[in-house]
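Enquirer: Below is the file work-v5.txt, which contains compact mmCIF, C-alpha atoms.
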```
# COMPACT_ATOMS: atom_id res chain seq x y z
CA MET A 1 110.17 102.69 57.40
CA LEU A 2 110.11 100.63 60.59
CA ASP A 3 112.18 97.45 60.62
CA GLN A 4 109.10 95.31 61.18
CA GLU A 5 107.27 96.87 58.20
CA TRP A 6 109.85 96.00 55.60
CA PHE A 7 110.55 92.69 57.33
CA ILE A 8 106.92 91.77 56.54
CA GLU A 9 107.47 92.93 52.95
CA VAL A 10 110.27 90.37 52.55
CA LEU A 11 108.12 87.44 53.72
CA THR A 12 106.71 85.07 51.11
CA ARG A 13 103.25 83.54 51.43
CA GLN A 14 104.77 80.32 52.81
CA ASP A 15 106.98 82.31 55.21
CA LEU A 16 103.94 84.16 56.52
CA ALA A 17 101.94 80.96 56.99
CA THR A 18 104.86 79.36 58.85
CA LEU A 19 105.42 82.33 61.17
CA CYS A 20 101.69 82.88 61.83
CA ASN A 21 101.39 79.24 62.82
CA GLU A 22 104.56 79.24 64.96
CA PHE A 23 103.73 82.46 66.82
CA LYS A 24 99.96 81.80 67.12
CA VAL A 25 98.96 84.83 65.03
CA ARG A 26 95.21 84.82 64.36
CA VAL A 27 94.15 84.94 60.70
CA GLN A 28 90.40 85.41 60.43
CA GLY A 29 88.73 82.43 58.75
CA PHE A 30 91.94 80.45 58.12
CA GLN A 31 93.18 79.46 61.57
CA ARG A 32 93.10 75.74 60.76
CA SER A 33 94.45 76.08 57.22
CA LEU A 34 96.94 78.94 57.17
CA SER A 35 98.68 77.62 54.07
CA ASN A 36 95.47 78.33 52.10
CA ALA A 37 95.09 81.91 53.31
CA PRO A 38 95.64 84.75 50.77
CA ILE A 39 98.93 86.58 51.22
CA ASN A 40 97.23 89.93 51.86
CA LEU A 41 95.31 88.48 54.81
CA LEU A 42 98.47 86.88 56.19
CA LYS A 43 100.40 90.16 55.93
CA ALA A 44 97.57 92.10 57.56
CA ALA A 45 97.34 89.60 60.42
CA MET A 46 101.11 89.69 61.00
CA LYS A 47 101.15 93.50 60.92
CA ASP A 48 98.28 93.69 63.45
CA ALA A 49 100.01 91.26 65.80
CA LEU A 50 103.30 93.22 65.65
CA ASN A 51 101.49 96.53 66.19
CA ASN A 52 99.74 95.00 69.20
CA GLY A 53 103.17 93.98 70.44
CA ILE A 54 104.36 97.60 70.25
CA LYS A 55 101.28 98.69 72.21
CA ARG A 56 101.94 95.93 74.78
CA LYS A 57 98.50 94.44 74.35
CA LYS A 58 97.85 91.02 75.87
CA ASN A 59 95.78 89.42 73.13
CA ASN A 60 97.05 88.57 69.63
CA ALA A 61 100.26 90.46 70.27
CA LEU A 62 103.73 89.68 68.95
CA VAL A 63 106.86 91.56 70.02
CA PHE A 64 109.15 92.04 67.01
CA GLU A 65 112.42 91.62 68.92
CA GLU A 66 111.22 88.43 70.62
CA MET A 67 110.13 86.99 67.30
CA LEU A 68 113.56 87.74 65.80
CA LYS A 69 115.33 86.08 68.73
CA LYS A 70 113.38 82.87 68.28
CA ILE A 71 113.98 82.86 64.53
CA VAL A 72 117.73 83.35 65.00
CA LYS A 73 117.88 80.61 67.64
CA GLU A 74 116.23 78.11 65.29
CA VAL A 75 118.53 79.06 62.40
CA ARG A 76 121.64 78.56 64.52
CA GLU A 77 120.38 75.16 65.64
CA LYS A 78 120.09 73.95 62.04
CA CYS A 79 123.22 75.84 60.83
CA PRO A 80 125.71 75.86 63.74
CA TYR A 81 128.53 76.98 61.44
CA LEU A 82 127.11 80.54 61.62
CA ASP A 83 128.54 81.05 65.12
CA LYS A 84 131.41 83.56 65.42
CA LEU A 85 131.41 84.58 61.75
CA LYS A 86 132.27 88.11 60.71
CA PHE A 87 129.60 89.95 58.77
CA GLU A 88 131.50 89.56 55.48
CA GLU A 89 131.87 85.81 56.08
CA PHE A 90 128.23 85.52 57.08
CA ILE A 91 126.79 87.09 53.92
CA VAL A 92 129.01 84.89 51.74
CA ARG A 93 127.91 81.69 53.49
CA VAL A 94 124.25 82.67 53.34
CA GLU A 95 124.49 83.16 49.58
CA VAL A 96 125.40 79.51 49.02
CA ASP A 97 123.24 77.95 51.73
CA SER A 98 119.74 77.22 50.38
CA ASN A 99 118.59 76.23 53.88
CA ILE A 100 118.54 79.88 55.00
CA SER A 101 115.71 82.08 53.71
CA ASN A 102 115.83 85.85 53.20
CA TYR A 103 113.85 86.66 56.34
CA GLU A 104 116.08 84.40 58.46
CA ALA A 105 119.21 86.10 57.10
CA ILE A 106 117.70 89.52 57.84
CA ALA A 107 116.74 88.48 61.39
CA ILE A 108 120.35 87.41 62.08
CA THR A 109 121.68 90.64 60.59
CA ILE A 110 119.39 92.83 62.72
CA LEU A 111 120.31 91.05 65.98
CA ASP A 112 123.91 89.94 65.50
CA TYR A 113 125.26 92.66 63.21
CA PRO A 114 123.33 95.82 64.23
CA TYR A 115 126.07 98.25 63.10
CA GLU A 116 126.34 96.70 59.62
CA TYR A 117 122.55 96.47 59.43
CA GLN A 118 122.07 100.19 60.04
CA ASN A 119 124.76 101.04 57.48
CA HIS A 120 123.41 98.74 54.77
CA LYS A 121 119.68 98.69 55.53
CA GLU A 122 118.66 100.73 52.48
CA ASN A 123 120.93 98.70 50.15
CA ILE A 124 119.50 95.43 51.48
CA LEU A 125 115.95 96.62 50.93
CA GLN A 126 116.79 97.92 47.45
CA ASN A 127 118.41 94.59 46.51
CA PHE A 128 115.27 92.76 47.60
CA ARG A 129 113.04 95.00 45.52
CA ASN A 130 115.36 94.57 42.53
CA LYS A 131 115.06 90.77 43.00
CA VAL A 132 118.80 90.21 43.45
CA TYR A 133 120.69 88.69 46.36
CA ILE A 134 119.79 90.84 49.38
CA PHE A 135 123.46 91.38 50.37
CA ASN A 136 124.62 92.02 46.82
CA GLY A 137 127.45 94.59 46.62
CA LEU A 138 128.08 94.67 50.39
CA SER A 139 131.35 92.73 50.25
CA GLU A 140 134.16 92.13 47.79
CA GLU A 141 133.89 88.44 48.67
CA LEU A 142 130.55 88.31 46.89
CA SER A 143 132.24 89.37 43.65
CA ARG A 144 134.71 86.48 43.63
CA PRO A 145 134.85 84.11 40.62
CA ILE A 146 132.44 81.19 40.74
CA ILE A 147 135.21 78.64 41.34
CA GLU A 148 136.33 80.54 44.42
CA LYS A 149 132.81 80.30 45.81
CA ILE A 150 132.79 76.56 45.17
CA LYS A 151 136.05 76.25 47.09
CA PHE A 152 134.41 78.11 49.95
CA LEU A 153 131.94 75.23 50.37
CA ILE A 154 134.57 72.58 51.12
CA GLU A 155 137.30 71.92 53.69
CA GLU A 156 141.02 71.37 53.09
CA VAL A 157 142.02 67.69 52.89
CA SER A 158 145.21 65.77 52.21
CA PHE A 159 145.81 64.27 48.77
CA GLU A 160 148.34 62.20 46.80
CA SER A 161 148.54 62.38 42.99
CA GLN A 162 148.23 58.59 42.51
CA TYR A 163 144.60 58.79 43.61
CA TYR A 164 143.51 60.49 40.37
CA THR A 165 142.30 57.16 39.04
CA LEU A 166 139.99 56.80 42.02
CA LEU A 167 137.69 59.42 40.49
CA LYS A 168 137.36 57.38 37.32
CA LYS A 169 136.64 54.22 39.31
CA PHE A 170 133.92 56.12 41.17
CA GLU A 171 132.41 57.28 37.88
CA ARG A 172 132.52 53.80 36.35
CA ASP A 173 130.94 52.15 39.39
CA ASN A 174 128.13 54.71 39.51
CA LEU A 175 127.37 54.58 35.79
CA ASN A 176 127.25 50.77 35.90
CA ASN A 177 125.03 50.80 38.94
CA GLN A 178 121.64 49.31 38.03
CA GLN A 179 119.86 51.60 40.49
CA ASN A 180 119.13 55.26 39.81
CA ASN A 181 121.56 57.57 41.56
CA LEU A 182 122.60 61.19 41.57
CA TYR A 183 125.73 60.72 39.46
CA LYS A 184 123.81 59.09 36.60
CA GLU A 185 121.27 61.93 36.69
CA ILE A 186 123.85 64.72 36.39
CA TYR A 187 126.39 62.91 34.17
CA GLY A 188 127.36 65.15 31.23
CA LYS A 189 124.85 67.87 32.14
CA PHE A 190 126.93 70.17 34.36
CA LYS A 191 130.00 71.21 32.37
CA THR A 192 130.73 74.77 33.49
CA GLU A 193 131.66 76.34 36.80
CA GLU A 194 128.40 78.33 36.79
CA GLN A 195 126.25 75.23 36.28
CA THR A 196 128.16 73.35 38.95
CA PHE A 197 127.90 76.18 41.45
CA LYS A 198 124.15 76.53 40.91
CA LEU A 199 123.58 72.83 41.56
CA LEU A 200 125.80 72.90 44.65
CA THR A 201 123.63 75.62 46.21
CA GLU A 202 120.54 73.43 45.72
CA ILE A 203 121.85 70.03 46.80
CA ASP A 204 122.40 68.68 50.30
CA LYS A 205 125.98 68.89 51.60
CA PRO A 206 126.69 65.11 51.84
CA ASN A 207 126.21 64.83 48.05
CA GLN A 208 128.20 67.90 46.98
CA TYR A 209 131.29 65.82 46.26
CA VAL A 210 129.32 63.81 43.67
CA VAL A 211 128.52 66.99 41.73
CA ILE A 212 132.11 68.25 41.92
CA THR A 213 133.46 64.85 40.83
CA ALA A 214 131.32 64.94 37.68
CA PHE A 215 132.62 68.45 36.93
CA LEU A 216 136.27 67.47 37.51
CA LEU A 217 136.02 64.48 35.17
CA HIS A 218 134.43 66.53 32.41
CA ASP A 219 137.09 67.45 29.85
CA ASN A 220 139.80 66.36 32.38
CA ASN A 221 139.20 69.39 34.59
CA TYR A 222 140.89 67.54 37.46
CA LYS A 223 144.28 68.16 35.81
CA GLU A 224 143.92 71.94 36.20
CA ASP A 225 145.94 73.42 39.09
CA LYS A 226 143.12 75.76 40.03
CA TYR A 227 140.91 72.76 40.82
CA LYS A 228 143.45 71.04 43.07
CA SER A 229 141.58 71.75 46.30
CA LEU A 230 138.36 70.46 44.74
CA LEU A 231 140.19 67.32 43.70
CA GLU A 232 141.54 66.81 47.22
CA PHE A 233 138.06 67.22 48.65
CA CYS A 234 136.52 64.67 46.27
CA ILE A 235 139.29 62.10 46.81
CA LYS A 236 138.68 62.18 50.54
CA LYS A 237 134.93 61.83 50.14
CA ILE A 238 135.25 59.00 47.60
CA GLN A 239 137.63 57.14 49.92
CA GLU A 240 135.06 57.50 52.68
CA TYR A 241 132.39 56.26 50.26
CA TYR A 242 134.32 53.09 49.43
CA LEU A 243 135.30 52.55 53.05
CA GLU A 244 131.64 52.64 54.03
CA ARG A 245 130.80 50.17 51.26
CA TYR A 246 133.57 47.79 52.35
CA GLU A 247 132.48 48.00 55.96
CA HIS A 248 128.92 47.26 54.89
CA LYS A 249 130.16 44.29 52.85
CA ILE A 250 132.09 42.96 55.85
CA VAL A 251 128.94 43.19 57.95
CA GLU A 252 127.03 41.30 55.25
CA VAL A 253 129.70 38.58 55.06
CA GLU A 254 129.75 38.21 58.82
CA GLY A 255 125.98 37.99 58.84
CA GLU A 256 126.03 35.39 56.08
CA LYS A 257 128.65 33.40 57.97
CA LEU A 258 126.48 33.48 61.07
CA ARG A 259 123.48 32.30 59.05
CA TYR A 260 125.49 29.38 57.64
CA GLU A 261 126.58 28.41 61.13
CA GLU A 262 122.99 28.54 62.36
CA LYS A 263 121.85 26.54 59.35
CA ASN A 264 124.58 23.95 59.99
CA ILE A 265 123.42 23.59 63.59
CA SER A 266 119.85 23.19 62.35
CA LEU A 267 120.90 20.52 59.82
CA ASN A 268 122.80 18.60 62.48
CA ARG A 269 119.72 18.64 64.65
CA GLN A 270 117.63 17.36 61.75
CA ILE A 271 120.13 14.55 61.10
CA GLU A 272 119.99 13.60 64.76
CA THR A 273 116.21 13.60 64.64
CA LEU A 274 116.20 11.43 61.49
CA ASN A 275 118.61 8.96 63.08
CA ASN A 276 116.37 8.68 66.09
CA GLN A 277 113.35 8.16 63.87
CA TYR A 278 115.21 5.50 61.92
CA GLU A 279 116.09 3.63 65.10
CA GLU A 280 112.51 3.83 66.27
CA LYS A 281 111.10 2.54 62.98
CA LYS A 282 113.73 -0.11 62.09
CA GLU A 283 111.29 -2.88 62.89
CA TYR A 284 109.08 -1.78 59.99
CA ILE A 285 111.87 -2.62 57.51
CA VAL A 286 111.33 -6.31 58.29
CA ASN A 287 107.78 -5.93 57.05
CA VAL A 288 108.82 -4.20 53.80
CA GLU A 289 106.86 -6.63 51.64
CA GLU A 290 103.71 -5.97 53.54
CA ASN A 291 104.38 -2.24 53.30
CA LEU A 292 104.96 -2.65 49.56
CA SER A 293 101.60 -4.32 49.20
CA VAL A 294 100.01 -1.42 51.02
CA ALA A 295 101.81 0.97 48.69
CA VAL A 296 100.56 -0.88 45.61
CA ASN A 297 96.99 -0.65 46.84
CA ALA A 298 97.49 3.02 47.60
CA GLY A 299 98.79 3.47 44.06
CA LYS A 300 95.66 1.89 42.63
CA GLU A 301 93.52 4.23 44.70
CA LEU A 302 95.59 7.19 43.52
CA GLN A 303 95.12 6.13 39.90
CA GLN A 304 91.39 5.84 40.47
CA LYS A 305 91.28 9.38 41.92
CA HIS A 306 93.37 10.61 39.00
CA ASP A 307 90.89 9.12 36.54
CA GLN A 308 88.05 10.76 38.45
CA LEU A 309 89.84 14.12 38.28
CA GLU A 310 90.35 13.73 34.53
CA GLU A 311 86.64 13.10 34.13
CA ILE A 312 85.80 16.21 36.15
CA ILE A 313 88.14 18.28 33.99
CA ARG A 314 86.58 16.83 30.82
CA GLN A 315 83.08 17.65 32.05
CA ASN A 316 84.12 21.22 32.97
CA GLU A 317 85.82 21.87 29.63
CA PRO A 318 82.79 23.77 28.17
CA LEU A 319 82.81 26.04 31.24
CA GLN A 320 86.53 26.68 30.78
CA MET A 321 85.91 27.55 27.13
CA PHE A 322 83.11 29.90 28.15
CA PHE A 323 85.37 31.82 30.53
CA LEU A 324 88.19 31.96 28.00
CA ARG A 325 85.90 33.46 25.34
CA LEU A 326 84.33 35.75 27.92
CA VAL A 327 87.76 37.20 28.71
CA THR A 328 89.20 37.33 25.19
CA GLU A 329 86.17 38.66 23.35
CA ASN A 330 84.80 41.17 25.85
CA GLN A 331 86.58 44.38 26.83
CA PHE A 332 86.59 44.56 30.63
CA LEU A 333 89.04 44.86 33.54
CA ILE A 334 88.76 43.72 37.18
CA ILE A 335 90.38 45.97 39.82
CA THR A 336 90.73 44.25 43.20
CA LYS A 337 93.17 43.89 46.06
CA ASP A 338 92.41 40.15 45.96
CA TYR A 339 93.93 39.73 42.51
CA GLU A 340 95.91 36.69 43.78
CA GLN A 341 92.63 34.71 43.74
CA PHE A 342 92.52 35.07 39.96
CA ILE A 343 96.02 33.67 39.33
CA HIS A 344 95.97 30.45 37.25
CA THR A 345 92.41 31.22 36.11
CA PRO A 346 91.21 32.55 32.75
CA PHE A 347 90.72 35.93 34.47
CA GLU A 348 94.37 36.38 35.47
CA GLY A 349 95.17 38.55 32.44
CA VAL A 350 92.33 41.02 33.07
CA THR A 351 92.86 41.47 36.81
CA ILE A 352 94.93 44.22 38.43
CA SER A 353 95.42 45.75 41.89
CA PRO A 354 94.26 49.37 42.55
CA SER A 355 97.83 50.60 43.02
CA ASP A 356 99.11 48.99 39.79
CA PHE A 357 96.11 50.38 37.91
CA LYS A 358 96.82 53.93 39.10
CA LYS A 359 100.48 53.51 38.18
CA GLN A 360 99.61 52.41 34.63
CA LEU A 361 97.06 55.19 34.31
CA ARG A 362 99.69 57.73 35.33
CA ASN A 363 102.67 56.38 33.34
CA ASN A 364 101.08 54.94 30.17
CA ARG A 365 99.45 57.59 28.01
CA ASN A 366 98.53 54.95 25.43
CA HIS A 367 96.37 52.93 27.80
CA LYS A 368 93.11 51.50 26.49
CA PHE A 369 91.09 51.77 29.68
CA LYS A 370 88.45 53.94 27.98
CA GLU A 371 87.64 51.01 25.69
CA GLN A 372 86.97 48.75 28.67
CA ILE A 373 84.29 48.29 31.28
CA ILE A 374 86.03 48.48 34.65
CA PHE A 375 84.76 46.39 37.56
CA VAL A 376 86.00 47.51 40.99
CA THR A 377 85.59 45.46 44.19
CA ARG A 378 84.44 47.77 46.96
CA VAL A 379 86.29 45.75 49.65
CA SER A 380 89.62 46.74 48.09
CA PHE A 381 89.42 50.08 49.95
CA ARG A 382 89.72 50.38 53.72
CA THR A 383 87.71 53.58 54.11
CA GLY A 384 84.95 55.42 52.34
CA ARG A 385 87.35 58.28 51.64
CA ASP A 386 89.78 55.90 49.86
CA TRP A 387 86.91 54.57 47.74
CA PHE A 388 85.65 58.10 46.98
CA ASN A 389 89.15 59.23 45.88
CA PHE A 390 89.53 56.19 43.62
CA LYS A 391 86.12 56.78 42.03
CA GLN A 392 87.11 60.42 41.51
CA THR A 393 90.22 59.25 39.63
CA LEU A 394 88.06 57.07 37.38
CA ASN A 395 85.61 59.90 36.75
CA ASP A 396 88.39 62.42 36.07
CA ASN A 397 89.72 60.08 33.37
CA GLU A 398 86.20 59.52 31.96
CA LEU A 399 86.34 55.77 32.54
CA THR A 400 83.27 53.48 32.67
CA PHE A 401 83.18 51.45 35.87
CA GLU A 402 80.88 49.25 37.92
CA GLU A 403 81.16 48.57 41.67
CA ILE A 404 81.28 44.91 42.81
CA GLY A 405 80.09 44.45 46.36
CA HIS A 406 80.78 40.80 47.23
CA TYR A 407 83.77 39.17 48.89
CA GLU A 408 84.62 35.98 46.94
CA ILE A 409 85.74 35.24 43.38
CA PHE A 410 82.62 33.17 42.67
CA TYR A 411 80.37 36.15 43.32
CA TYR A 412 82.73 38.55 41.51
CA ILE A 413 82.39 36.50 38.30
CA LYS A 414 78.65 36.09 38.77
CA GLU A 415 78.17 39.87 39.05
CA ILE A 416 80.34 40.50 35.98
CA VAL A 417 78.44 38.01 33.82
CA GLU A 418 75.08 39.35 35.02
CA TYR A 419 76.16 42.92 34.29
CA LEU A 420 77.36 42.10 30.77
CA ASN A 421 74.17 40.17 30.10
CA ARG A 422 72.03 42.98 31.50
CA LYS A 423 73.77 45.51 29.28
CA GLU A 424 73.12 43.18 26.30
CA ILE A 425 76.84 42.69 25.79
CA LEU A 426 77.64 39.33 24.16
CA VAL A 427 79.05 36.97 26.80
CA TYR A 428 78.58 33.62 24.96
CA ALA A 429 76.06 32.10 27.32
CA ASP A 430 75.56 29.35 24.70
CA GLU A 431 78.95 27.90 25.71
CA ILE A 432 77.65 26.78 29.15
```
For this file, write the structure as structure tokens.
Expert:
Amino acid sequence: MLDQEWFIEVLTRQDLATLCNEFKVRVQGFQRSLSNAPINLLKAAMKDALNNGIKRKKNNALVFEEMLKKIVKEVREKCPYLDKLKFEEFIVRVEVDSNISNYEAIAITILDYPYEYQNHKENILQNFRNKVYIFNGLSEELSRPIIEKIKFLIEEVSFESQYYTLLKKFERDNLNNQQNNLYKEIYGKFKTEEQTFKLLTEIDKPNQYVVITAFLLHDNNYKEDKYKSLLEFCIKKIQEYYLERYEHKIVEVEGEKLRYEEKNISLNRQIETLNNQYEEKKEYIVNVEENLSVAVNAGKELQQKHDQLEEIIRQNEPLQMFFLRLVTENQFLIITKDYEQFIHTPFEGVTISPSDFKKQLRNNRNHKFKEQIIFVTRVSFRTGRDWFNFKQTLNDNELTFEEIGHYEIFYYIKEIVEYLNRKEILVYADEI
């Protein structure tokens, strides 16, 4: 079997779509949406392009060696630690690095380790077909205990025994943290070396120390001699974590100090301005009695306006009662981006933004939206596509809704009342 034939066999559907896109391989009918193409079409297109490359054709041709070189170059850019590794070291590192796919590992093996590749080609292919690690059985390193593989992921660091308590402080601070974080998610879940190793292969490197810390604190594992290097690694990372927090706090304090200084300067300027104003208006103090008389008259006018406002409120009381009964005794909901307009009105409790509505629909299985008539303001959506997607959500959930087309709260309410009346739903018109 040619190298390029079984190389194609290793590729997943996503791998094929990625490579076809990167190397401009034509896939009939799916050129603009390669990720939707069936895997058999992707494989056939890749095979045709590679065969054309062998025949040195100009159109839709891909030379296998050139493709491998570009793949290897990109892998080394994202994983520079691969440089100058022996084959045995390489296959161990690849096993624990989830950033490197099977086809990328094979490309590196073919180009950088040709002798080992020829010797182990059949074993690699057989491992792939048996759905085990492709380099399984090629090195004694791969048969090491799990804890040895974990140690392989970290670097040697200095450590002093009195820092043991630092781990517990780290745990306490993270568990008491009000925000969700990785430590709270994994706390008490990863108790064995196997579980810890599996999670380490899936998590990004900057957060590996968090996983190992949780493992070390479980059942006092940190006291075991065999975990000493893990403990040293975590202590260093935790010290760096607290150092970064302290540095951030210092920056915050310095910023706050600067803000206080700026505020003090602003207050001094205001005091100076007030003093100048006082000097300019001192002469009015002499006429305080006259000013007091003006104030008394103004007070009388204010009282008169207050009485007028009370009368207006009294006259509008039936309308207020109408809206209150309309809201409390009719099952409907208003969805609008302008929900702030309804605050401090009888409609505040039945008004919600589109985003909050979708969140409740998604998170609350006991919602009662099916019992309500939903009114949606069309202007809450910037584009027709946004509006179409929102209507699709309502239809998918079998919700009754009515589109409101105006732009102001007055017209929103008018449309709602007219709709309820038109549908012969009781709206208490006798309250008006």
Enquirer: Which of these residues is nearest to Leu125 in chain A, using only C-alpha atoms: A:Ile271, A:Leu361, A:Leu34, A:Val10?
Expert: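 Comparing A:Ile271, A:Leu361, A:Leu34, A:Val10 against Leu125 in chain A, the winner is A:Val10.
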Enquirer: Restricting the calculation to all atoms listed in the file: of A:Glu66, A:Glu402, A:Glu280, A:Val417, which residue gets closest to Ile54 in chain A?
Expert: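 The answer is A:Glu66, which sits nearest to Ile54 in chain A.
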Enquirer: One number please: CA of Ser353 in chain A to CA of Gly384 in chain A, in Å, one decimal.
Expert: 17.7 Å
Enquirer: Work out how far apart CA of Asn123 in chain A and CA of Asn99 in chain A are and give it in Å to one decimal.
Expert: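 For CA of Asn123 in chain A relative to CA of Asn99 in chain A, the distance reads 22.9 Å.
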Enquirer: Give the answer as one residue: which of A:Phe90, A:Phe128, A:Phe388, A:Tyr115 has the shortest atom-to-atom distance to Phe7 in chain A, using all atoms listed in the file?
Expert: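 Residue with the minimum atom-to-atom distance to Phe7 in chain A: A:Phe128.
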Enquirer: Using all atoms listed in the file, which residue out of A:Lys198, A:Arg129, A:Lys43, A:Lys257 lies closest to Arg13 in chain A?
Expert: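 Checking each of A:Lys198, A:Arg129, A:Lys43, A:Lys257 against Arg13 in chain A, counting all atoms listed in the file, the winner is A:Lys43.
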Enquirer: By how many Å are CA of Asp386 in chain A and CA of Gly405 in chain A apart?
Expert: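 Between these atoms lies a distance of 15.4 Å.
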Enquirer: Given the choices A:Glu371, A:Glu104, A:Glu5, A:Glu403, which gets closest to Leu19 in chain A if the distance is worked out from only C-alpha atoms?
Expert: A:Glu104
Enquirer: Find the spatial neighbours of range 209-214 of chain A, counting all atoms listed in the file, within a cut-off of 10 Å - ignore same-chain residues fewer than 5 positions away - and output them as a CSV table (one decimal) with C-alpha atoms, keeping the file's coordinate frame.
Expert:
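Below is the file that was written, result.csv:
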```
chain,number,residue,atom,x,y,z
A,150,ILE,CA,132.8,76.6,45.2
A,154,ILE,CA,134.6,72.6,51.1
A,167,LEU,CA,137.7,59.4,40.5
A,168,LYS,CA,137.4,57.4,37.3
A,170,PHE,CA,133.9,56.1,41.2
A,171,GLU,CA,132.4,57.3,37.9
A,182,LEU,CA,122.6,61.2,41.6
A,183,TYR,CA,125.7,60.7,39.5
A,184,LYS,CA,123.8,59.1,36.6
A,186,ILE,CA,123.8,64.7,36.4
A,187,TYR,CA,126.4,62.9,34.2
A,188,GLY,CA,127.4,65.2,31.2
A,189,LYS,CA,124.8,67.9,32.1
A,190,PHE,CA,126.9,70.2,34.4
A,191,LYS,CA,130.0,71.2,32.4
A,193,GLU,CA,131.7,76.3,36.8
A,196,THR,CA,128.2,73.4,39.0
A,197,PHE,CA,127.9,76.2,41.4
A,199,LEU,CA,123.6,72.8,41.6
A,200,LEU,CA,125.8,72.9,44.6
A,203,ILE,CA,121.8,70.0,46.8
A,221,ASN,CA,139.2,69.4,34.6
A,222,TYR,CA,140.9,67.5,37.5
A,227,TYR,CA,140.9,72.8,40.8
A,230,LEU,CA,138.4,70.5,44.7
A,231,LEU,CA,140.2,67.3,43.7
A,233,PHE,CA,138.1,67.2,48.6
A,234,CYS,CA,136.5,64.7,46.3
A,235,ILE,CA,139.3,62.1,46.8
A,236,LYS,CA,138.7,62.2,50.5
A,237,LYS,CA,134.9,61.8,50.1
A,238,ILE,CA,135.2,59.0,47.6
```
Enquirer: So which one's closest to Asp3 in chain A, A:Val92, A:Ala61, A:Asn52, A:Gln118? Using only C-alpha atoms, please.
Expert: A:Gln118
Enquirer: Could you list as a list in words every residue that has an atom within 10 Å of (81.3, 40.3, 43.7), using the file's coordinates and counting only C-alpha atoms?
Expert: Phe375, Val376, Thr377, Arg378, Val379, Glu403, Ile404, Gly405, His406, Tyr407, Glu408, Ile409, Phe410, Tyr411, Tyr412, Ile413, Lys414, Glu415 and Ile416 of chain A
